[in-house]
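Engineer: So I've got this file, structure_19.cif, and it contains mmCIF, C-alpha atoms:
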data_my_file
loop_
_atom_site.group_PDB
_atom_site.id
_atom_site.type_symbol
_atom_site.label_atom_id
_atom_site.label_comp_id
_atom_site.auth_asym_id
_atom_site.auth_seq_id
_atom_site.Cartn_x
_atom_site.Cartn_y
_atom_site.Cartn_z
ATOM 1 C CA MET A 1 13.084 -22.264 13.319
ATOM 2 C CA LYS A 2 14.614 -18.810 13.198
ATOM 3 C CA ASP A 3 13.742 -16.328 15.896
ATOM 4 C CA LYS A 4 11.729 -13.464 14.521
ATOM 5 C CA LYS A 5 13.241 -10.023 14.937
ATOM 6 C CA GLN A 6 10.784 -7.475 16.292
ATOM 7 C CA ILE A 7 11.550 -5.017 13.495
ATOM 8 C CA ASN A 8 10.684 -7.666 10.881
ATOM 9 C CA ILE A 9 7.414 -8.411 12.686
ATOM 10 C CA ASP A 10 6.517 -4.713 12.873
ATOM 11 C CA VAL A 11 7.450 -3.986 9.249
ATOM 12 C CA GLY A 12 5.607 -7.099 8.064
ATOM 13 C CA ALA A 13 2.463 -6.096 9.933
ATOM 14 C CA ARG A 14 2.598 -2.617 8.400
ATOM 15 C CA ILE A 15 3.023 -4.067 4.912
ATOM 16 C CA LYS A 16 0.045 -6.360 5.444
ATOM 17 C CA CYS A 17 -2.081 -3.487 6.733
ATOM 18 C CA ALA A 18 -1.102 -1.262 3.783
ATOM 19 C CA ARG A 19 -1.772 -4.082 1.301
ATOM 20 C CA GLU A 20 -5.195 -4.748 2.785
ATOM 21 C CA SER A 21 -6.018 -1.017 2.857
ATOM 22 C CA ALA A 22 -5.200 -0.943 -0.851
ATOM 23 C CA GLY A 23 -7.667 -3.790 -1.396
ATOM 24 C CA LEU A 24 -5.041 -6.220 -2.675
ATOM 25 C CA THR A 25 -4.886 -9.947 -2.053
ATOM 26 C CA GLN A 26 -1.514 -11.508 -1.316
ATOM 27 C CA ASP A 27 -1.611 -13.152 -4.745
ATOM 28 C CA ARG A 28 -2.222 -9.907 -6.636
ATOM 29 C CA PHE A 29 0.215 -7.966 -4.468
ATOM 30 C CA SER A 30 2.946 -10.547 -5.041
ATOM 31 C CA GLU A 31 2.406 -10.260 -8.817
ATOM 32 C CA LEU A 32 2.649 -6.474 -8.693
ATOM 33 C CA ILE A 33 5.883 -6.430 -6.695
ATOM 34 C CA GLY A 34 7.462 -9.379 -8.497
ATOM 35 C CA MET A 35 7.668 -11.782 -5.556
ATOM 36 C CA GLY A 36 6.191 -15.180 -4.884
ATOM 37 C CA THR A 37 3.125 -15.432 -2.667
ATOM 38 C CA LYS A 38 5.051 -17.497 -0.112
ATOM 39 C CA SER A 39 7.715 -14.785 0.068
ATOM 40 C CA VAL A 40 5.097 -12.099 0.640
ATOM 41 C CA SER A 41 3.495 -14.234 3.326
ATOM 42 C CA ALA A 42 6.855 -14.707 5.070
ATOM 43 C CA LEU A 43 7.524 -10.975 4.840
ATOM 44 C CA GLU A 44 4.135 -10.098 6.332
ATOM 45 C CA ARG A 45 4.604 -12.610 9.161
ATOM 46 C CA GLY A 46 8.022 -11.163 9.942
ATOM 47 C CA THR A 47 9.909 -14.397 9.425
ATOM 48 C CA VAL A 48 12.182 -12.655 6.898
ATOM 49 C CA GLY A 49 13.507 -9.128 6.571
ATOM 50 C CA ILE A 50 12.949 -6.764 3.685
ATOM 51 C CA SER A 51 15.523 -5.627 1.146
ATOM 52 C CA LEU A 52 15.719 -2.018 0.028
ATOM 53 C CA SER A 53 14.740 -2.923 -3.533
ATOM 54 C CA THR A 54 11.661 -4.797 -2.269
ATOM 55 C CA LEU A 55 10.764 -1.901 0.025
ATOM 56 C CA GLN A 56 11.009 0.461 -2.926
ATOM 57 C CA ARG A 57 8.733 -1.732 -5.115
ATOM 58 C CA ILE A 58 6.199 -2.078 -2.286
ATOM 59 C CA CYS A 59 6.089 1.682 -1.753
ATOM 60 C CA GLN A 60 5.635 2.276 -5.483
ATOM 61 C CA VAL A 61 2.847 -0.289 -5.809
ATOM 62 C CA LEU A 62 1.004 0.919 -2.699
ATOM 63 C CA SER A 63 1.773 4.606 -3.335
ATOM 64 C CA ILE A 64 2.998 5.112 0.207
ATOM 65 C CA SER A 65 6.112 6.429 1.903
ATOM 66 C CA SER A 66 8.833 4.099 3.128
ATOM 67 C CA ASP A 67 8.477 5.897 6.480
ATOM 68 C CA ASP A 68 4.961 4.465 6.747
ATOM 69 C CA ILE A 69 6.389 0.962 6.370
ATOM 70 C CA LEU A 70 9.520 1.403 8.475
ATOM 71 C CA PHE A 71 8.241 3.567 11.296
ATOM 72 C CA GLY A 72 4.483 3.275 11.175
ATOM 73 C CA ASN A 73 2.066 6.029 11.852
ATOM 74 C CA ASP A 74 1.428 6.854 15.497
ATOM 75 C CA ILE A 75 -1.561 9.034 14.665
ATOM 76 C CA ALA A 76 -4.673 7.108 13.712
ATOM 77 C CA GLU A 77 -5.759 8.294 10.289
ATOM 78 C CA ASN A 78 -9.168 8.138 8.765
ATOM 79 C CA ASP A 79 -9.702 6.778 5.282
ATOM 80 C CA VAL A 80 -9.604 10.233 3.681
ATOM 81 C CA GLN A 81 -6.175 10.941 5.147
ATOM 82 C CA ILE A 82 -4.893 7.569 3.993
ATOM 83 C CA LEU A 83 -6.152 8.170 0.449
ATOM 84 C CA THR A 84 -4.722 11.688 0.415
ATOM 85 C CA GLY A 85 -1.357 10.325 1.485
ATOM 86 C CA ARG A 86 -1.415 7.724 -1.261
ATOM 87 C CA LEU A 87 -2.397 10.312 -3.883
ATOM 88 C CA ALA A 88 0.571 12.457 -2.881
ATOM 89 C CA TYR A 89 2.990 9.713 -3.994
ATOM 90 C CA LEU A 90 1.567 9.325 -7.496
ATOM 91 C CA SER A 91 3.428 10.709 -10.489
ATOM 92 C CA SER A 92 1.814 13.698 -12.236
ATOM 93 C CA GLU A 93 0.516 11.425 -14.981
ATOM 94 C CA GLN A 94 -0.899 8.880 -12.513
ATOM 95 C CA PHE A 95 -2.510 11.679 -10.505
ATOM 96 C CA GLU A 96 -4.240 13.102 -13.588
ATOM 97 C CA ILE A 97 -5.592 9.672 -14.514
ATOM 98 C CA THR A 98 -6.834 9.168 -10.960
ATOM 99 C CA LYS A 99 -8.430 12.618 -10.935
ATOM 100 C CA GLU A 100 -10.275 11.873 -14.189
ATOM 101 C CA ILE A 101 -11.551 8.566 -12.839
ATOM 102 C CA LEU A 102 -12.712 10.156 -9.588
ATOM 103 C CA ASN A 103 -14.460 12.982 -11.424
ATOM 104 C CA LYS A 104 -16.336 10.455 -13.580
ATOM 105 C CA LEU A 105 -17.229 8.475 -10.450
ATOM 106 C CA PHE A 106 -18.579 11.586 -8.698
ATOM 107 C CA GLU A 107 -20.531 12.451 -11.821
ATOM 108 C CA ALA A 108 -22.062 8.962 -11.893
ATOM 109 C CA PHE A 109 -22.969 9.258 -8.188
ATOM 110 C CA ALA A 110 -24.639 12.628 -8.837
ATOM 111 C CA ILE A 111 -26.683 11.156 -11.695
ATOM 112 C CA SER A 112 -27.763 8.134 -9.631
ATOM 113 C CA ASP A 113 -28.885 10.366 -6.731
ATOM 114 C CA LYS A 114 -31.485 12.128 -8.887
#
Take the structure in the file and write it out as structure tokens.
Structural biologist:
Amino acid sequence: MKDKKQINIDVGARIKCARESAGLTQDRFSELIGMGTKSVSALERGTVGISLSTLQRICQVLSISSDDILFGNDIAENDVQILTGRLAYLSSEQFEITKEILNKLFEAFAISDK
């Protein structure tokens, strides 16, 4: 069995945390990034390293910075800060779609509170 490198363990743990925060299962996440579920599992456990192209796909799918994956975030963030960070990495078109969905959701909440 290969010895795990600490950087692979740390990066894998951050990927798993980001995936779970995004509400994705390993199966769905692996589909979205174009990897097999076993490969994602190995990546999250830190038994394998990550390629730059995989890192790029992961960041695009999770709408997060590569710095979040590579270096982590020393400051504990609340859910609002995490969502704000993810929104910042969306394209203009994706942001507008998200904004429309959120506005409709807030409208539905307002109606249901009456």
Engineer: List as a ChimeraX atom specification: which residues have an atom within 12 Å of (8.2, -10.7, 9.3), counting all atoms listed in the file?
Structural biologist: /A:2-16,39-50
Engineer: Work out how far apart atom CA of Leu52 of chain A and atom CA of Phe95 of chain A are and give it in Å to one decimal.
Structural biologist: 25.1 Å
Engineer: Applying the PyMOL selection byres ((chain A and resi 90-93) around 12) to the file I just gave you, which residues come out? Please list them as a list in words.
Structural biologist: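 Listing what the PyMOL selection byres ((chain A and resi 90-93) around 12) selects in the shown file: Cys59, Gln60, Val61, Leu62, Ser63, Ile64, Ser65, Leu83, Thr84, Gly85, Arg86, Leu87, Ala88, Tyr89, Gln94, Phe95, Glu96, Ile97, Thr98, Lys99 and Glu100 of chain A.
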Engineer: Rounded to one decimal place, report the atom CA of Ala108 of chain A-atom CA of Glu20 of chain A distance in Å.
Structural biologist: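 So the answer is 26.2 Å.
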Engineer: Measuring between only C-alpha atoms, which one of A:Ile69, A:Leu102, A:Ile111, A:Cys17 shows the shortest distance to Thr54 of chain A?
Structural biologist: A:Ile69
Engineer: Report the distance between atom CA of Ser66 of chain A and atom CA of Thr25 of chain A in Å, rounded to one decimal place.
Structural biologist: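 About the pair atom CA of Ser66 of chain A and atom CA of Thr25 of chain A: they are 20.3 Å apart.
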Engineer: Looking at all atoms listed in the file, which of A:Asn103, A:Ser53, A:Gln81, A:Ser112 is the one that sits closest to Gly34 of chain A?
Structural biologist: A:Ser53
